[in-house]
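K.L.:
Below you'll find my_file-v3.csv; it's CSV, C-alpha atoms.
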chain,number,residue,atom,x,y,z
A,1,MET,CA,0.0,0.0,0.0
A,2,PRO,CA,1.7,3.2,-1.1
A,3,LEU,CA,1.7,6.2,1.3
A,4,LEU,CA,0.7,8.5,-1.4
A,5,SER,CA,-0.9,7.7,-4.7
A,6,ALA,CA,-2.3,9.7,-7.6
A,7,ASP,CA,-4.6,8.2,-10.2
A,8,GLN,CA,-5.3,9.6,-13.7
A,9,LEU,CA,-4.4,13.1,-12.5
A,10,THR,CA,-4.9,15.9,-14.9
A,11,ILE,CA,-3.6,19.3,-13.8
A,12,GLN,CA,-4.6,22.5,-15.5
A,13,ARG,CA,-3.4,26.0,-15.2
A,14,GLY,CA,-5.8,28.4,-16.8
A,15,ASP,CA,-6.8,26.5,-20.0
A,16,ARG,CA,-3.4,24.9,-20.4
A,17,ALA,CA,-3.1,21.2,-19.4
A,18,LEU,CA,0.2,20.6,-17.7
A,19,LEU,CA,-0.2,16.9,-16.9
A,20,ARG,CA,-2.7,14.4,-18.4
A,21,ASP,CA,-3.6,11.0,-16.9
A,22,PHE,CA,-0.6,11.1,-14.5
A,23,ASP,CA,-0.2,8.1,-12.1
A,24,LEU,CA,2.1,8.2,-9.1
A,25,ARG,CA,2.9,5.8,-6.3
A,26,LEU,CA,5.0,6.8,-3.4
A,27,ALA,CA,5.9,3.8,-1.1
A,28,ALA,CA,7.2,3.8,2.4
A,29,GLY,CA,10.9,4.4,2.6
A,30,GLU,CA,11.1,5.8,-0.9
A,31,LEU,CA,12.7,9.1,-2.0
A,32,LEU,CA,11.3,10.3,-5.3
A,33,HIS,CA,13.2,13.0,-7.1
A,34,LEU,CA,11.0,14.9,-9.5
A,35,ARG,CA,12.8,16.4,-12.4
A,36,GLY,CA,11.9,18.3,-15.6
A,37,ALA,CA,12.4,21.6,-17.4
A,38,ASN,CA,11.2,24.9,-16.0
A,39,GLY,CA,7.5,25.4,-16.3
A,40,ILE,CA,6.7,21.8,-17.0
A,41,GLY,CA,4.4,21.6,-13.9
A,42,LYS,CA,6.6,20.2,-11.1
A,43,THR,CA,5.4,22.8,-8.6
A,44,SER,CA,1.8,22.5,-9.7
A,45,LEU,CA,1.9,18.7,-9.3
A,46,LEU,CA,3.3,19.1,-5.8
A,47,GLU,CA,0.7,21.7,-4.9
A,48,THR,CA,-2.1,19.4,-6.2
A,49,LEU,CA,-0.7,16.5,-4.1
A,50,ALA,CA,-0.6,18.8,-1.1
A,51,GLY,CA,-4.2,19.7,-1.6
A,52,LEU,CA,-3.6,23.3,-2.4
A,53,ARG,CA,-4.8,23.0,-5.9
A,54,ARG,CA,-7.8,21.0,-7.2
A,55,PRO,CA,-7.0,18.6,-10.0
A,56,ALA,CA,-9.0,19.0,-13.2
A,57,ALA,CA,-9.5,15.2,-13.2
A,58,GLY,CA,-8.4,12.2,-11.3
A,59,GLN,CA,-7.6,12.0,-7.6
A,60,CYS,CA,-4.8,11.8,-5.1
A,61,ARG,CA,-5.0,9.8,-1.9
A,62,LEU,CA,-3.0,9.7,1.3
A,63,ALA,CA,-2.7,6.3,3.0
A,64,ASP,CA,-3.0,7.9,6.4
A,65,GLU,CA,-5.2,10.9,6.1
A,66,ALA,CA,-5.0,11.6,9.8
A,67,ALA,CA,-1.3,11.8,10.0
A,68,GLY,CA,-1.2,14.2,7.1
A,69,LEU,CA,1.8,15.4,5.1
A,70,HIS,CA,4.5,18.1,5.4
A,71,TRP,CA,4.4,20.7,2.7
A,72,LEU,CA,7.4,23.0,2.1
A,73,GLY,CA,6.9,25.2,-1.0
A,74,HIS,CA,9.5,27.3,-2.6
A,75,ARG,CA,8.2,30.0,-0.3
A,76,ASN,CA,9.4,29.4,3.2
A,77,GLY,CA,6.2,30.3,5.1
A,78,LEU,CA,8.1,32.5,7.5
A,79,ASN,CA,6.8,36.0,8.3
A,80,LEU,CA,9.9,38.3,7.9
A,81,GLN,CA,8.9,40.5,10.8
A,82,LEU,CA,8.8,37.6,13.3
A,83,SER,CA,11.7,35.5,14.5
A,84,ALA,CA,12.1,31.8,13.6
A,85,ILE,CA,10.9,30.8,17.0
A,86,ASP,CA,7.7,32.9,16.7
A,87,ASN,CA,7.0,31.6,13.2
A,88,LEU,CA,7.4,28.0,14.4
A,89,ARG,CA,5.3,28.7,17.5
A,90,PHE,CA,2.5,29.9,15.2
A,91,TRP,CA,2.9,26.8,13.0
A,92,CYS,CA,2.7,24.5,16.1
A,93,GLY,CA,-0.5,26.4,17.1
A,94,ILE,CA,-2.3,25.8,13.9
A,95,ASN,CA,-1.2,22.2,13.6
A,96,GLY,CA,-1.7,21.1,17.2
A,97,ALA,CA,1.9,20.4,17.8
A,98,SER,CA,3.6,21.0,21.1
A,99,PRO,CA,5.8,24.2,21.0
A,100,ALA,CA,8.2,22.5,23.5
A,101,GLY,CA,10.0,20.9,20.5
A,102,ILE,CA,10.9,24.1,18.8
A,103,ASP,CA,14.3,24.6,20.3
A,104,ALA,CA,15.2,21.0,19.6
A,105,ALA,CA,14.0,21.3,16.0
A,106,LEU,CA,16.0,24.5,15.4
A,107,ALA,CA,19.0,22.9,16.9
A,108,GLY,CA,18.3,19.9,14.6
A,109,VAL,CA,18.7,22.2,11.6
A,110,GLU,CA,21.8,23.8,13.2
A,111,LEU,CA,20.4,27.4,13.3
A,112,PRO,CA,22.6,29.3,15.7
A,113,ALA,CA,20.9,30.3,18.9
A,114,ARG,CA,21.2,34.0,18.4
A,115,ALA,CA,19.7,33.7,14.9
A,116,ARG,CA,16.6,32.0,16.3
A,117,ARG,CA,15.3,35.2,18.0
A,118,ARG,CA,16.2,37.7,15.3
A,119,ALA,CA,13.5,38.7,12.8
A,120,CYS,CA,13.6,36.4,9.8
A,121,ARG,CA,14.2,39.5,7.6
A,122,SER,CA,17.8,39.6,8.9
A,123,LEU,CA,18.5,36.0,8.2
A,124,SER,CA,20.4,34.8,5.2
A,125,ALA,CA,18.5,32.8,2.5
A,126,GLY,CA,20.1,29.5,3.7
A,127,GLN,CA,19.2,30.3,7.4
A,128,LYS,CA,15.6,31.0,6.3
A,129,ARG,CA,15.5,27.7,4.4
A,130,ARG,CA,16.8,25.9,7.5
A,131,SER,CA,14.2,27.5,9.7
A,132,ALA,CA,11.5,26.3,7.3
A,133,LEU,CA,13.0,22.8,7.2
A,134,ALA,CA,12.8,22.7,11.0
A,135,ARG,CA,9.0,22.3,10.6
A,136,LEU,CA,9.6,18.8,9.4
A,137,LEU,CA,11.0,17.9,12.8
A,138,LEU,CA,8.2,19.4,14.8
A,139,GLN,CA,5.6,16.8,14.0
A,140,PRO,CA,6.1,13.3,12.6
A,141,ARG,CA,4.3,13.0,9.3
A,142,PRO,CA,4.9,10.1,7.0
A,143,VAL,CA,4.8,12.0,3.7
A,144,TRP,CA,7.1,15.0,2.9
A,145,LEU,CA,6.4,17.1,-0.2
A,146,LEU,CA,9.3,19.4,-0.7
A,147,ASP,CA,9.6,21.9,-3.5
A,148,GLU,CA,13.3,22.8,-4.1
A,149,PRO,CA,14.3,22.2,-0.5
A,150,LEU,CA,18.0,22.6,-1.3
A,151,ASP,CA,17.6,26.2,-2.4
A,152,GLY,CA,20.1,28.4,-0.6
A,153,LEU,CA,21.6,25.7,1.5
A,154,ASP,CA,25.4,25.5,1.9
A,155,ALA,CA,27.5,22.4,2.0
A,156,GLY,CA,26.7,21.8,5.7
A,157,GLY,CA,23.1,22.4,5.0
A,158,LEU,CA,23.1,19.8,2.2
A,159,ALA,CA,24.7,17.2,4.4
A,160,LEU,CA,22.2,18.1,7.1
A,161,PHE,CA,19.3,17.7,4.7
A,162,ALA,CA,20.6,14.3,3.6
A,163,ALA,CA,20.8,13.1,7.2
A,164,LEU,CA,17.3,14.3,8.0
A,165,THR,CA,15.9,12.7,4.9
A,166,GLN,CA,17.7,9.4,5.6
A,167,ALA,CA,16.4,9.3,9.1
A,168,HIS,CA,12.9,9.9,7.9
A,169,LEU,CA,13.1,7.2,5.2
A,170,ALA,CA,14.5,4.8,7.7
A,171,GLN,CA,11.5,5.3,9.9
A,172,GLY,CA,9.2,4.3,7.0
A,173,GLY,CA,8.5,7.8,5.7
A,174,ALA,CA,8.5,8.9,2.1
A,175,VAL,CA,9.8,12.0,0.4
A,176,LEU,CA,8.7,13.5,-2.9
A,177,MET,CA,10.9,16.4,-3.8
A,178,THR,CA,11.9,18.6,-6.7
A,179,SER,CA,15.4,19.9,-7.2
A,180,HIS,CA,17.5,21.1,-10.1
A,181,GLN,CA,20.7,20.1,-8.3
A,182,THR,CA,21.9,16.5,-7.9
A,183,LEU,CA,21.0,15.2,-4.5
A,184,PRO,CA,23.7,15.2,-1.8
A,185,ALA,CA,25.4,11.9,-1.2
A,186,PRO,CA,24.4,9.4,0.2
A,187,LEU,CA,20.8,10.0,-0.8
A,188,ALA,CA,19.7,7.5,-3.4
A,189,ALA,CA,16.5,8.6,-5.2
A,190,ARG,CA,14.2,7.2,-7.8
A,191,GLU,CA,14.1,9.8,-10.5
A,192,LEU,CA,11.0,10.7,-12.2
A,193,ILE,CA,11.3,12.9,-15.3
A,194,LEU,CA,8.1,14.9,-16.3
B,1,MET,CA,-9.3,26.7,19.9
B,2,LYS,CA,-5.6,26.6,20.5
B,3,ALA,CA,-5.0,27.2,16.8
B,4,LEU,CA,-7.2,30.3,16.9
B,5,ALA,CA,-5.3,31.6,19.9
B,6,ALA,CA,-2.1,31.1,18.0
B,7,ILE,CA,-3.4,33.1,15.0
B,8,PHE,CA,-4.6,35.9,17.3
B,9,ALA,CA,-1.3,36.0,19.2
B,10,ARG,CA,0.6,36.2,15.9
B,11,GLU,CA,-1.5,39.1,14.7
B,12,LEU,CA,-0.9,41.0,17.9
B,13,ARG,CA,2.8,40.2,17.9
B,14,LEU,CA,3.0,41.4,14.3
B,15,ALA,CA,1.2,44.6,15.3
B,16,ALA,CA,3.7,45.1,18.1
B,17,ARG,CA,6.6,44.8,15.7
B,18,ALA,CA,5.2,47.1,13.0
B,19,LYS,CA,3.7,49.9,15.1
B,20,ALA,CA,3.2,52.2,12.1
B,21,GLU,CA,0.6,49.8,10.7
B,22,TRP,CA,-1.9,50.1,13.5
B,23,LEU,CA,-1.0,53.7,14.5
B,24,MET,CA,-1.6,54.9,10.9
B,25,PRO,CA,-5.4,54.3,10.6
B,26,PRO,CA,-6.4,56.3,13.8
B,27,LEU,CA,-4.0,59.0,12.9
B,28,PHE,CA,-5.4,59.1,9.4
B,29,PHE,CA,-8.9,59.3,10.8
B,30,VAL,CA,-8.0,62.3,13.0
B,31,ILE,CA,-6.3,64.1,10.2
B,32,VAL,CA,-9.2,63.6,7.7
B,33,VAL,CA,-11.8,64.8,10.1
B,34,THR,CA,-9.7,67.7,11.2
B,35,VAL,CA,-8.9,68.8,7.7
B,36,PHE,CA,-12.6,68.7,6.9
B,37,SER,CA,-13.4,71.2,9.6
B,38,PHE,CA,-10.6,73.5,8.4
B,39,GLY,CA,-12.3,73.5,5.0
B,40,THR,CA,-15.5,75.2,6.3
B,41,ARG,CA,-16.2,78.6,7.8
B,42,PRO,CA,-15.1,78.9,11.5
B,43,ASN,CA,-17.9,78.0,13.9
B,44,ASP,CA,-20.2,77.0,11.1
B,45,PRO,CA,-23.3,75.5,12.7
B,46,GLN,CA,-23.8,73.6,9.4
B,47,LEU,CA,-20.8,71.4,10.3
B,48,ALA,CA,-22.8,69.5,12.9
B,49,ALA,CA,-25.2,68.5,10.3
B,50,PHE,CA,-22.5,67.0,8.2
B,51,ALA,CA,-20.5,65.6,11.1
B,52,PRO,CA,-22.0,62.0,10.9
B,53,ALA,CA,-21.1,61.7,7.2
B,54,VAL,CA,-17.6,63.1,7.8
B,55,LEU,CA,-16.9,60.8,10.7
B,56,TRP,CA,-18.3,57.8,8.9
B,57,VAL,CA,-16.4,58.4,5.7
B,58,GLY,CA,-13.2,59.1,7.7
B,59,ALA,CA,-13.6,55.8,9.5
B,60,LEU,CA,-14.2,54.0,6.3
B,61,LEU,CA,-11.1,55.4,4.6
B,62,ALA,CA,-9.0,54.7,7.7
B,63,ALA,CA,-10.1,51.0,7.8
B,64,LEU,CA,-9.2,50.7,4.1
B,65,LEU,CA,-5.6,51.7,4.8
B,66,SER,CA,-4.6,48.4,6.5
B,67,LEU,CA,-6.9,46.0,4.7
B,68,GLU,CA,-4.8,45.4,1.7
B,69,ARG,CA,-2.0,43.8,3.8
B,70,LEU,CA,-4.4,41.5,5.7
B,71,TYR,CA,-3.7,38.5,3.5
B,72,ARG,CA,-1.1,39.8,1.0
B,73,THR,CA,2.0,39.3,3.1
B,74,ASP,CA,0.8,35.9,4.2
B,75,GLN,CA,0.3,35.0,0.6
B,76,GLU,CA,3.7,36.3,-0.5
B,77,ASP,CA,5.7,34.6,2.2
B,78,GLY,CA,3.9,31.3,2.1
B,79,THR,CA,2.2,31.4,5.4
B,80,LEU,CA,-1.1,31.1,3.7
B,81,GLU,CA,0.0,27.8,2.1
B,82,GLN,CA,0.9,26.5,5.5
B,83,LEU,CA,-2.5,27.6,6.9
B,84,LEU,CA,-4.3,25.8,4.0
B,85,VAL,CA,-2.4,22.6,4.5
B,86,SER,CA,-2.8,22.8,8.3
B,87,ARG,CA,-5.6,21.2,10.4
B,88,THR,CA,-7.2,24.6,11.2
B,89,ALA,CA,-10.5,25.3,9.5
B,90,LEU,CA,-9.7,28.2,7.2
B,91,SER,CA,-13.0,30.0,7.9
B,92,PHE,CA,-12.2,30.2,11.6
B,93,ALA,CA,-8.7,31.5,10.8
B,94,VAL,CA,-10.3,34.2,8.6
B,95,PHE,CA,-12.7,35.1,11.4
B,96,VAL,CA,-9.9,35.5,13.9
B,97,LYS,CA,-7.9,37.6,11.5
B,98,GLY,CA,-10.9,39.8,11.0
B,99,LEU,CA,-11.4,40.2,14.7
B,100,ALA,CA,-7.7,41.1,15.2
B,101,HIS,CA,-8.0,43.7,12.4
B,102,TRP,CA,-11.0,45.3,14.0
B,103,LEU,CA,-9.3,45.3,17.4
B,104,LEU,CA,-6.2,47.1,16.0
B,105,SER,CA,-7.8,49.5,13.5
B,106,GLY,CA,-11.5,49.6,14.2
B,107,LEU,CA,-11.6,49.9,18.0
B,108,PRO,CA,-9.3,53.0,18.2
B,109,ILE,CA,-11.6,54.7,15.7
B,110,VAL,CA,-14.6,54.0,17.8
B,111,LEU,CA,-12.8,55.4,20.8
B,112,LEU,CA,-11.7,58.5,18.9
B,113,ALA,CA,-15.1,59.3,17.4
B,114,ALA,CA,-16.6,60.9,20.5
B,115,PRO,CA,-13.9,63.7,21.0
B,116,LEU,CA,-13.8,64.3,17.2
B,117,GLY,CA,-17.6,64.5,17.1
B,118,LEU,CA,-17.6,67.2,19.8
B,119,MET,CA,-15.0,69.0,17.8
B,120,LEU,CA,-17.3,69.0,14.8
B,121,GLY,CA,-20.1,70.5,17.0
B,122,LEU,CA,-22.2,67.4,17.6
B,123,ALA,CA,-24.3,67.8,20.7
B,124,PRO,CA,-23.3,65.5,23.5
B,125,PRO,CA,-26.6,63.5,23.5
B,126,HIS,CA,-26.0,62.6,19.9
B,127,LEU,CA,-22.6,61.1,20.6
B,128,GLY,CA,-24.2,57.9,21.9
B,129,PRO,CA,-25.7,56.8,18.6
B,130,LEU,CA,-22.5,57.8,16.8
B,131,VAL,CA,-20.2,55.7,19.0
B,132,LEU,CA,-22.7,52.8,19.2
B,133,GLY,CA,-23.1,52.9,15.4
B,134,LEU,CA,-19.4,52.9,14.8
B,135,ALA,CA,-19.0,50.0,17.3
B,136,LEU,CA,-21.5,48.0,15.3
B,137,GLY,CA,-20.3,49.3,11.9
B,138,THR,CA,-16.5,49.1,12.1
B,139,PRO,CA,-16.5,45.3,12.5
B,140,CYS,CA,-18.6,45.2,9.3
B,141,LEU,CA,-15.8,47.2,7.6
B,142,SER,CA,-13.2,44.8,8.8
B,143,PHE,CA,-15.1,41.7,7.7
B,144,ILE,CA,-16.4,43.0,4.4
B,145,GLY,CA,-13.0,44.5,3.6
B,146,GLY,CA,-11.4,41.2,4.7
B,147,PHE,CA,-13.6,39.3,2.3
B,148,VAL,CA,-12.6,41.6,-0.6
B,149,ALA,CA,-8.9,41.4,0.4
B,150,ALA,CA,-9.2,37.6,0.2
B,151,LEU,CA,-10.8,38.0,-3.3
B,152,THR,CA,-8.1,40.2,-4.6
B,153,VAL,CA,-5.1,38.6,-2.9
B,154,GLY,CA,-4.0,36.6,-6.0
B,155,LEU,CA,-4.2,39.6,-8.3
B,156,PRO,CA,-1.1,41.5,-9.1
B,157,ARG,CA,-2.7,45.0,-8.8
B,158,GLY,CA,-5.2,44.0,-6.1
B,159,GLY,CA,-4.3,47.0,-4.0
B,160,ALA,CA,-5.8,49.5,-6.4
B,161,LEU,CA,-8.9,47.3,-6.9
B,162,LEU,CA,-9.6,46.9,-3.2
B,163,PRO,CA,-11.2,50.3,-2.4
B,164,VAL,CA,-13.2,50.2,-5.6
B,165,LEU,CA,-14.8,46.9,-4.6
B,166,VAL,CA,-15.1,47.6,-0.9
B,167,LEU,CA,-16.7,51.0,-1.0
B,168,PRO,CA,-20.0,50.0,-2.8
B,169,LEU,CA,-20.4,47.1,-0.5
B,170,ILE,CA,-20.1,49.3,2.5
B,171,VAL,CA,-22.8,51.8,1.5
B,172,PRO,CA,-25.6,50.3,3.6
B,173,VAL,CA,-23.4,50.4,6.7
B,174,VAL,CA,-22.7,54.1,6.1
B,175,ILE,CA,-26.4,54.9,5.5
B,176,PHE,CA,-27.6,53.3,8.7
B,177,GLY,CA,-24.6,54.4,10.7
B,178,ALA,CA,-24.8,58.1,9.8
B,179,GLY,CA,-28.6,57.7,9.7
B,180,SER,CA,-28.8,56.9,13.4
B,181,VAL,CA,-27.0,60.1,14.3
B,182,ARG,CA,-29.1,62.1,11.9
B,183,ALA,CA,-32.2,60.6,13.4
B,184,ALA,CA,-31.0,61.6,16.9
B,185,GLN,CA,-30.3,65.1,15.7
B,186,GLN,CA,-33.9,65.4,14.4
B,187,GLY,CA,-35.2,64.2,17.7
B,188,LEU,CA,-36.3,60.8,16.3
B,189,ASP,CA,-35.5,57.4,17.7
B,190,ALA,CA,-32.0,56.4,16.8
B,191,GLY,CA,-32.8,52.7,17.6
B,192,ALA,CA,-34.1,51.5,14.2
B,193,PRO,CA,-31.0,52.3,12.1
B,194,LEU,CA,-28.8,50.8,14.9
B,195,TYR,CA,-30.9,47.6,14.8
B,196,PHE,CA,-30.3,47.5,11.0
B,197,LEU,CA,-26.6,47.8,11.6
B,198,ALA,CA,-26.7,45.0,14.1
B,199,ALA,CA,-28.4,42.8,11.6
B,200,ILE,CA,-25.8,43.6,8.9
B,201,LEU,CA,-23.1,42.9,11.5
B,202,THR,CA,-24.7,39.5,12.3
B,203,LEU,CA,-24.8,38.6,8.6
B,204,THR,CA,-21.2,39.6,7.9
B,205,LEU,CA,-19.9,37.8,10.9
B,206,THR,CA,-21.7,34.6,10.1
B,207,LEU,CA,-21.5,34.6,6.3
B,208,LEU,CA,-18.4,36.3,5.1
B,209,PRO,CA,-15.6,34.2,6.9
B,210,TRP,CA,-16.9,31.2,4.9
B,211,LEU,CA,-16.9,33.2,1.6
B,212,ALA,CA,-13.5,34.7,2.3
B,213,ALA,CA,-12.0,31.2,3.0
B,214,ALA,CA,-13.4,30.0,-0.3
B,215,ALA,CA,-11.8,33.0,-2.0
B,216,LEU,CA,-8.5,32.3,-0.4
B,217,ARG,CA,-8.5,28.7,-1.5
B,218,ASN,CA,-9.3,30.0,-5.0
B,219,ALA,CA,-6.3,32.3,-5.0
B,220,PHE,CA,-4.3,29.2,-5.7
B,221,GLU,CA,-6.2,28.1,-8.8
Produce structure tokens that represent the structure in this file.
P.N.:
Amino acid sequence: MPLLSADQLTIQRGDRALLRDFDLRLAAGELLHLRGANGIGKTSLLETLAGLRRPAAGQCRLADEAAGLHWLGHRNGLNLQLSAIDNLRFWCGINGASPAGIDAALAGVELPARARRRACRSLSAGQKRRSALARLLLQPRPVWLLDEPLDGLDAGGLALFAALTQAHLAQGGAVLMTSHQTLPAPLAARELIL
Amino acid sequence: MKALAAIFARELRLAARAKAEWLMPPLFFVIVVTVFSFGTRPNDPQLAAFAPAVLWVGALLAALLSLERLYRTDQEDGTLEQLLVSRTALSFAVFVKGLAHWLLSGLPIVLLAAPLGLMLGLAPPHLGPLVLGLALGTPCLSFIGGFVAALTVGLPRGGALLPVLVLPLIVPVVIFGAGSVRAAQQGLDAGAPLYFLAAILTLTLTLLPWLAAAALRNAFE
């Protein structure tokens, strides 16, 4: 039983069909790397799977609807006036997660302690990305949908991302991500080219 | 319930960080009303007759100032996506955001209305309907405006469109709001227009959060 499946998915933007009759199976422990040229519909596909966009036809299903999924778009979901801690506290609030884990999560993405309390406006692009990735650690969810998660990450950040992803896959989770870079070693992904 | 508290706390924290945003509407309100009185003859008794309209239009314009940013920054920085994916019912989130908007931009205007009304020459007994009307009417501005802000959030030039769409929708609120003060000035019962305002408020509070939530979901299509 796949954790996430899509059947006969058709995705439209305006009157242009990006994908037609698209099938997808994401199994537990699987890392799927979605590739394709700019504008081919990778982000739209992820947004549809996340439930942000309605498919024109077909359906997508989560094996465990109650556990939900993590969505990280190319926008970080951080208000620039607020600190990383405040942003994550808000996220915990709307998702019913315990805010006690925030410090551990930010430590998990190696965000320096003094950067956690500064307004996100003053953080670097990589630090913002790390703060956004910290959400993945706040609440265990089997499916991760990540749109260009490697954007702005330095070498340390890439290694960190690889470690987080591996730990998640080892626990029986699944990751579907887009990236124009090659994935950092030792991540082994199934590639899907749109 | 916790989720709604989190949204409310975030709005207040944001307001505390960006003081200009919530100080601007009341200041703007005071300036518009004051400038209006400079435009007429000194001690013009006619001014009291126009005072309800001046105060109501001033309140309306002041509320418009901060409406555009209600959802725009959330949409631009991706917070809205996280809210849509989260377990919180979007209509309740919209309701809380509207409430916070009223608290930060509507309530100060209600409190300022009485001194400004006196300045325009309103008789003290007529201040009651004015303040009561604004207390019922400014939440309508926040929620109707919030609905239109949700409608225009996906549009590139939504900021210019917002006042054009909000102002016609607000007309009934202004009619009954200013009407209650006028009724009091003519020695009539100010209650009926106020009841109408309360009815409009009930409708906006119960209906518009759902419509605004649908509009926000649609911003992604």
K.L.:
For chain A, report every residue with an atom at most 9 Å from chain B (counting all atoms listed in the file), formatted as an MDAnalysis selection string.
P.N.:
chainID A and resid 12:14 50:54 68:82 86:87 89:96
K.L.:
Residues near Phe143 in chain B, anyone? I mean within 8 Å using only C-alpha atoms, not counting same-chain ones fewer than 6 positions away, as a list in words.
P.N.:
Phe95, Gly98, Thr204, Leu205, Leu208 and Pro209 of chain B
K.L.:
Near range 174-191 of chain B, counting all atoms listed in the file, which residues have an atom at most 7 Å away, once you skip same-chain residues fewer than 3 positions from it, shown as JSON, numbers by chain?
P.N.:
{"B": [52, 53, 56, 126, 129, 130, 133, 134, 137, 170, 171, 194, 195, 196, 197]}
K.L.:
Can you pull out every residue within 12 Å of Leu19 in chain A, counting only C-alpha atoms, but drop anything in the same chain fewer than 3 positions away, and send it as a list in words?
P.N.:
Ala6, Asp7, Gln8, Leu9, Thr10, Ile11, Gln12, Arg13, Arg16, Phe22, Asp23, Leu24, Gly39, Ile40, Gly41, Lys42, Thr43, Ser44, Leu45, Leu46, Thr48, Pro55, Ala56, Ala57, Gly58 and Leu194 of chain A
K.L.:
Can you tell me how far CA of Leu133 in chain A sits from CA of Phe161 in chain A, in Å to one decimal?
P.N.:
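Interatomic distance, CA of Leu133 in chain A to CA of Phe161 in chain A: 8.5 Å.
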K.L.:
Tell me, in Å to one decimal, how far CA of Pro112 in chain A is from CA of Leu153 in chain A.
P.N.:
14.7 Å
K.L.:
Find the residues around Pro184 in chain A up to 10 Å (all atoms listed in the file counted), leave out those fewer than 2 positions away in its own chain, and share them as a list in words.
P.N.:
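Once the adjacent positions are removed, what remains is Leu150, Ala155, Gly157, Leu158, Ala159, Leu160, Phe161, Ala162, Ala163, Gln181, Thr182, Pro186, Leu187 and Ala188 of chain A.
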K.L.:
For Lys97 in chain B, which of B:Thr34, B:Leu167, B:Val173, B:Leu70 is the closest residue, counting all atoms listed in the file?
P.N.:
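Residue with the minimum atom-to-atom distance to Lys97 in chain B: B:Leu70.
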K.L.:
Mind giving me the straight-line distance from CA of Asp151 in chain A to CA of Arg129 in chain A in Å, one decimal?
P.N.:
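Value for the CA of Asp151 in chain A-CA of Arg129 in chain A distance: 7.3 Å.
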K.L.:
Got a sec: who's within 6 Å of range 101-112 of chain B, counting only C-alpha atoms, leaving out chain neighbours fewer than 4 positions off, as a list in words?
P.N.:
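Residues meeting the cut-off are Trp22, Pro26, Val131, Leu134, Ala135, Thr138, Pro139 and Ser142 of chain B.
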K.L.:
Quick one: of B:Leu23, B:Leu118, B:Leu211, B:Leu60, who's nearest to Val166 in chain B, counting all atoms listed in the file?
P.N.:
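Residue with the minimum atom-to-atom distance to Val166 in chain B: B:Leu60.
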K.L.:
Which residue, B:Pro45, B:Gly145, B:Gly39, B:Gly154, has the smallest gap to Leu122 in chain B when you use only C-alpha atoms?
P.N.:
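The answer is B:Pro45, which sits nearest to Leu122 in chain B.
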K.L.:
Around (-23.8, 46.4, 11.8), as given in the file, which residues come within 6 Å? Count all atoms listed in the file and list them as a ChimeraX atom specification.
P.N.:
/B:136-137,140,197-201
K.L.:
Using all atoms listed in the file for the distances, tell me which of A:Ala66, A:Ala167, A:Ile85, A:Ala189 is nearest to Ala113 in chain A.
P.N.:
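For Ala113 in chain A, the nearest of the candidates is A:Ile85.
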K.L.:
With distances taken over only C-alpha atoms, which of A:His33, A:Arg25, A:Arg20, A:Arg141 is nearest to Leu183 in chain A?
P.N.:
A:His33
K.L.:
List every protein, DNA or RNA residue that has at least one atom no more than 8 Å from (17.8, 20.1, 10.8) in the file's coordinates, counting all atoms listed in the file, and write the result as a list in words.
P.N.:
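All residues meeting the 8 Å criterion around (17.8, 20.1, 10.8) are Ala105, Leu106, Ala107, Gly108, Val109, Glu110, Arg130, Leu133, Ala134, Leu137, Leu160, Phe161 and Leu164 of chain A.
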K.L.:
Adding 6 Å on each side of the box along x, y and z that holds all listed atoms of range 176-183 of chain A, could you give its centre and edge lengths in Å to one decimal, as AutoDock Vina command-line options?
P.N.:
--center_x 15.3 --center_y 17.3 --center_z -6.5 --size_x 25.2 --size_y 19.6 --size_z 19.2
K.L.:
With the input short on atoms, add N, CA, C and O atoms back to range 137-142 of chain B and write it as an mmCIF file, in the frame of the given file.
P.N.:
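Below you can see out05.cif, which holds the result:
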data_model
loop_
_atom_site.group_PDB
_atom_site.id
_atom_site.type_symbol
_atom_site.label_atom_id
_atom_site.label_comp_id
_atom_site.auth_asym_id
_atom_site.auth_seq_id
_atom_site.Cartn_x
_atom_site.Cartn_y
_atom_site.Cartn_z
ATOM 1 N N GLY B 137 -20.589 49.161 13.324
ATOM 2 C CA GLY B 137 -20.300 49.300 11.900
ATOM 3 C C GLY B 137 -18.823 48.984 11.549
ATOM 4 O O GLY B 137 -18.555 48.421 10.491
ATOM 5 N N THR B 138 -17.879 49.349 12.440
ATOM 6 C CA THR B 138 -16.500 49.100 12.100
ATOM 7 C C THR B 138 -16.146 47.609 11.962
ATOM 8 O O THR B 138 -15.347 47.262 11.092
ATOM 9 N N PRO B 139 -16.740 46.717 12.771
ATOM 10 C CA PRO B 139 -16.500 45.300 12.500
ATOM 11 C C PRO B 139 -16.965 44.879 11.101
ATOM 12 O O PRO B 139 -16.341 44.050 10.446
ATOM 13 N N CYS B 140 -18.069 45.489 10.661
ATOM 14 C CA CYS B 140 -18.600 45.200 9.300
ATOM 15 C C CYS B 140 -17.489 45.591 8.281
ATOM 16 O O CYS B 140 -17.233 44.873 7.318
ATOM 17 N N LEU B 141 -16.864 46.769 8.515
ATOM 18 C CA LEU B 141 -15.800 47.200 7.600
ATOM 19 C C LEU B 141 -14.689 46.192 7.565
ATOM 20 O O LEU B 141 -14.179 45.835 6.501
ATOM 21 N N SER B 142 -14.277 45.715 8.741
ATOM 22 C CA SER B 142 -13.200 44.800 8.800
ATOM 23 C C SER B 142 -13.508 43.468 8.080
ATOM 24 O O SER B 142 -12.675 42.919 7.368
#
